[in-house]
Structure formats: C-alpha cells, structure tokens
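Working notes, beginning with the structure itself.
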Amino acid sequence: MGTVTLGVSIAVPEPYGSQLQELRAGFGDAAAHGIPTHVTLVPPTEVDADRLPEIRAHLAAVASAFRSFAMRLAGTGTFRPLSPVVFVQIVEGAPGCTRLQGLVRDPDGPLSRELAFPYHPHVTVAHGISEEAMDVAFTALADYAAEWICTGFALYEQGSDGVWRKLREYPFGTGPAGVPAQLGSAADTAAEATVRPS
C-alpha cells in the first residue's frame, strides 16, 4: 500500500486560524496556505498506509479519555538561531498540549517517534523565510492575543502537493454530567491512567 505522511495537531479555531494563516502568507511564507494554523502534537511522520486503522483507534482512545482545557495565545517568540521559526506563544494551555502529545506519541503506540528538539507547544507564523521577514513577523504580532477552549485534535495527511488535509477529528471526552473536567483534576488523572497505565 505504500506510505503516507501524517501529522497530529490542535487546530487554531476561527477566526484566529485564518487570520494567522493570512498573516503568515503576508510575511512571505510560501507554505502558509498549505498548512492550517495549528499546535503540533506529532510532527510530519511517515508511516505504512496499512497502519492507519491502528493509528485511528489509538487517537480515538487518547481523545475519549482526555478533557477540554483553556488555550490562550499572547505575543511572539522564536527558535532562532536553532531553527528559523517565529511563533505566537501559548501562555495558557501549554501543560495540556504537552501531556496530550505525550499520550499521542506513547512509546508503545503506533505514533511513537523521537523529536528533533524538546517539545515546546507553539503556533508557527513564519518558517524558513528571510531574517528580515522573520523580524517583521516577530514585531507585527507582538501584541497578538486569542483564547478558546480546546475540545479535541485532528489527524492530517500531507498530499503530494505539499498541502496538509484533515483526515479525521477526535473530540475529547467529557467529565461528570458532560461538563469538561479541569485540567489536572482527579478525574482527569484517572482518565489518563486508563489510556496509559503507570
């Protein structure tokens, strides 16, 4: 069946997603329109296509046991000089993203992989463009702010044209009586243990 290139991420919802995508394109990032605005959980990863059912089942199990959490973006940061990236910072919700990506990349699961750099949740707004253009992006979004409740994540596939397309969404489960549990609550901890026993 061959291989496919997959990614798992939290989509930045509207209107923020389109705003940031257009700004990214405006800074001169040619890849912007092929990359939905997101927070990466699993970076581009090549897998055998016949493993997709196993991957989908794994993601569904992680999502059903996880809980919604607040996300807030504010200001900019950069990975330069290690990596040519400018991003919008996650000032609330980073621990949730970090815990979630750890479950998705479970060492015993189908998406286990090493990362090139330690995990640092962020929203990329410029990548691989000129230093001057990255300086512009860094300054232009210094006062940027957005917030929402993260209620799930999605699986994406990169096409031969380089464009990322959503394959499936994975909504989180809910706490008692359908109310999302607070991140770090006893219910949340117990739910996580059902996904990856200690």
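Naming scheme: A, B, ... for chains in displayed order of the structure tokens; residues 1 onward per chain; ligands 1 onward as shown.
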Got a sec: who's within 6 Å of region 121-125 of chain A, counting only C-alpha atoms, leaving out chain neighbours fewer than 4 positions off, as a PDB file with C-alpha atoms, in the first residue's frame?
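Written file, selection.pdb:
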```pdb
ATOM      1  CA  ARG A  24       1.887  34.113   7.684  1.00  0.00           C
ATOM      2  CA  HIS A  38      -2.209  24.656  14.409  1.00  0.00           C
ATOM      3  CA  VAL A  39      -0.369  23.492  17.504  1.00  0.00           C
ATOM      4  CA  VAL A  86       8.824  32.724  14.635  1.00  0.00           C
ATOM      5  CA  PHE A  87       5.729  31.739  16.586  1.00  0.00           C
ATOM      6  CA  VAL A  88       2.861  33.032  18.679  1.00  0.00           C
ATOM      7  CA  GLN A  89       3.320  31.947  22.272  1.00  0.00           C
ATOM      8  CA  ILE A  90       0.907  29.730  24.195  1.00  0.00           C
TER       9      ILE A  90
END
```
Give me, as a VMD selection string, all polymer residues having an atom no more than 6 Å from Arg72 (chain A), counting only C-alpha atoms and skipping those fewer than 5 positions away in the same chain. chain A and resid 90 to 92 146 to 147
Store the residues of this selection in a file with N, CA and C atoms, as a short mmCIF file (atom, residue, chain, number, x, y, z; two decimals), in the first residue's frame.
```
data_model
loop_
_atom_site.label_atom_id
_atom_site.label_comp_id
_atom_site.auth_asym_id
_atom_site.auth_seq_id
_atom_site.Cartn_x
_atom_site.Cartn_y
_atom_site.Cartn_z
N ILE A 90 2.04 30.26 23.44
CA ILE A 90 0.91 29.73 24.19
C ILE A 90 1.16 30.07 25.66
N VAL A 91 0.36 30.97 26.21
CA VAL A 91 0.58 31.41 27.59
C VAL A 91 -0.36 30.70 28.57
N GLU A 92 -1.38 30.01 28.03
CA GLU A 92 -2.23 29.17 28.85
C GLU A 92 -2.60 27.95 28.01
N ALA A 146 -5.35 35.70 21.58
CA ALA A 146 -6.52 34.89 21.24
C ALA A 146 -6.73 33.87 22.34
N GLU A 147 -7.98 33.46 22.53
CA GLU A 147 -8.24 32.41 23.52
C GLU A 147 -9.46 31.61 23.12
#
```
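Using only C-alpha atoms, the residues found no farther than 9 Å from Gln101 (chain A), other than those of its own chain fewer than 6 positions away, are Val8, Ser9, Thr40, Leu41, Val42 and Tyr119 of chain A.
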For the selection you just gave me, I'd like the residues written to a file as a compact mmCIF listing (two decimals), in the first residue's frame, keeping N, CA and C atoms.
```txt
# COMPACT_ATOMS: atom_id res chain seq x y z
N VAL A 8 -0.37 15.11 13.60
CA VAL A 8 -1.48 15.25 14.54
C VAL A 8 -1.35 16.62 15.19
N SER A 9 -2.45 17.37 15.22
CA SER A 9 -2.35 18.72 15.76
C SER A 9 -3.68 19.22 16.29
N THR A 40 1.23 21.77 16.95
CA THR A 40 1.66 20.40 16.63
C THR A 40 1.63 19.49 17.86
N LEU A 41 1.10 18.28 17.66
CA LEU A 41 1.22 17.22 18.67
C LEU A 41 2.19 16.14 18.17
N VAL A 42 2.10 15.79 16.90
CA VAL A 42 3.05 14.89 16.25
C VAL A 42 3.49 15.54 14.95
N TYR A 119 9.94 19.03 23.10
CA TYR A 119 8.60 19.53 22.75
C TYR A 119 8.34 20.89 23.38
```
Report the residues of region 11-148 of chain A whose backbone DSSP state falls under strand (DSSP E or B), written as a ChimeraX atom specification. /A:11,38-48,69-78,85-92,122-127,145-148
What gap, in Å, lies between CA of Ala133 (chain A) and CA of Leu73 (chain A)?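 Atom-to-atom, CA of Ala133 (chain A) to CA of Leu73 (chain A), that is 21.2 Å.
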Using only C-alpha atoms, pick whichever of A:Val85, A:Leu141, A:Ala57, A:Ile10 has the shortest atom-to-atom distance to Phe69 (chain A). A:Ile10
Name the closest residue to Leu103 (chain A) among the candidates A:Ala60, A:Ala116, A:Asp135, A:Met71; distances are taken between atoms, counting only C-alpha atoms. A:Ala60
Applying 10 Å and only C-alpha atoms, which residues near Asp48 (chain A) remain after dropping the ones on its own chain fewer than 4 positions away? List them as a ChimeraX atom specification. /A:1-5,52
Produce a file of the selected residues containing C-alpha atoms, as a compact mmCIF listing (two decimals), in the first residue's frame.
```txt
# COMPACT_ATOMS: atom_id res chain seq x y z
CA MET A 1 0.00 0.00 0.00
CA GLY A 2 2.97 2.32 0.37
CA THR A 3 3.47 5.04 2.94
CA VAL A 4 1.68 8.22 3.97
CA THR A 5 2.92 11.31 5.78
CA LEU A 52 -3.97 3.84 9.58
```
Expected answer as number ranges by chain: helix (DSSP H, G or I) residues in region 80-129 of chain A: A: 94-104
Can you write just those residues out, N, CA and C atoms, as a tab-separated table (two decimals), in the first residue's frame?
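The result, written out as selection_4.tsv:
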```tsv
chain	number	residue	atom	x	y	z
A	94	ALA	N	-0.34	25.26	27.64
A	94	ALA	CA	0.85	24.50	27.25
A	94	ALA	C	0.98	23.17	28.00
A	95	PRO	N	0.70	23.12	29.32
A	95	PRO	CA	0.78	21.82	30.01
A	95	PRO	C	-0.18	20.79	29.42
A	96	GLY	N	-1.39	21.24	29.03
A	96	GLY	CA	-2.33	20.33	28.41
A	96	GLY	C	-1.81	19.79	27.09
A	97	CYS	N	-1.24	20.67	26.27
A	97	CYS	CA	-0.66	20.26	24.99
A	97	CYS	C	0.47	19.25	25.21
A	98	THR	N	1.30	19.52	26.21
A	98	THR	CA	2.45	18.67	26.48
A	98	THR	C	2.01	17.28	26.93
A	99	ARG	N	1.04	17.23	27.83
A	99	ARG	CA	0.53	15.94	28.28
A	99	ARG	C	-0.12	15.18	27.14
A	100	LEU	N	-0.88	15.90	26.32
A	100	LEU	CA	-1.60	15.27	25.22
A	100	LEU	C	-0.63	14.69	24.19
A	101	GLN	N	0.40	15.45	23.82
A	101	GLN	CA	1.33	14.93	22.82
A	101	GLN	C	2.10	13.72	23.36
A	102	GLY	N	2.33	13.69	24.69
A	102	GLY	CA	2.99	12.54	25.28
A	102	GLY	C	2.15	11.28	25.14
A	103	LEU	N	0.84	11.42	25.28
A	103	LEU	CA	-0.06	10.28	25.12
A	103	LEU	C	-0.17	9.86	23.66
A	104	VAL	N	-0.25	10.84	22.77
A	104	VAL	CA	-0.36	10.53	21.34
A	104	VAL	C	0.91	9.84	20.84
```
From A:Val62, A:Ile149, A:Leu82, A:Ile35, residue lying nearest Lys166 (chain A) [only C-alpha atoms]: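 Looking at the shortest contact to Lys166 (chain A), the residue is A:Ile35.
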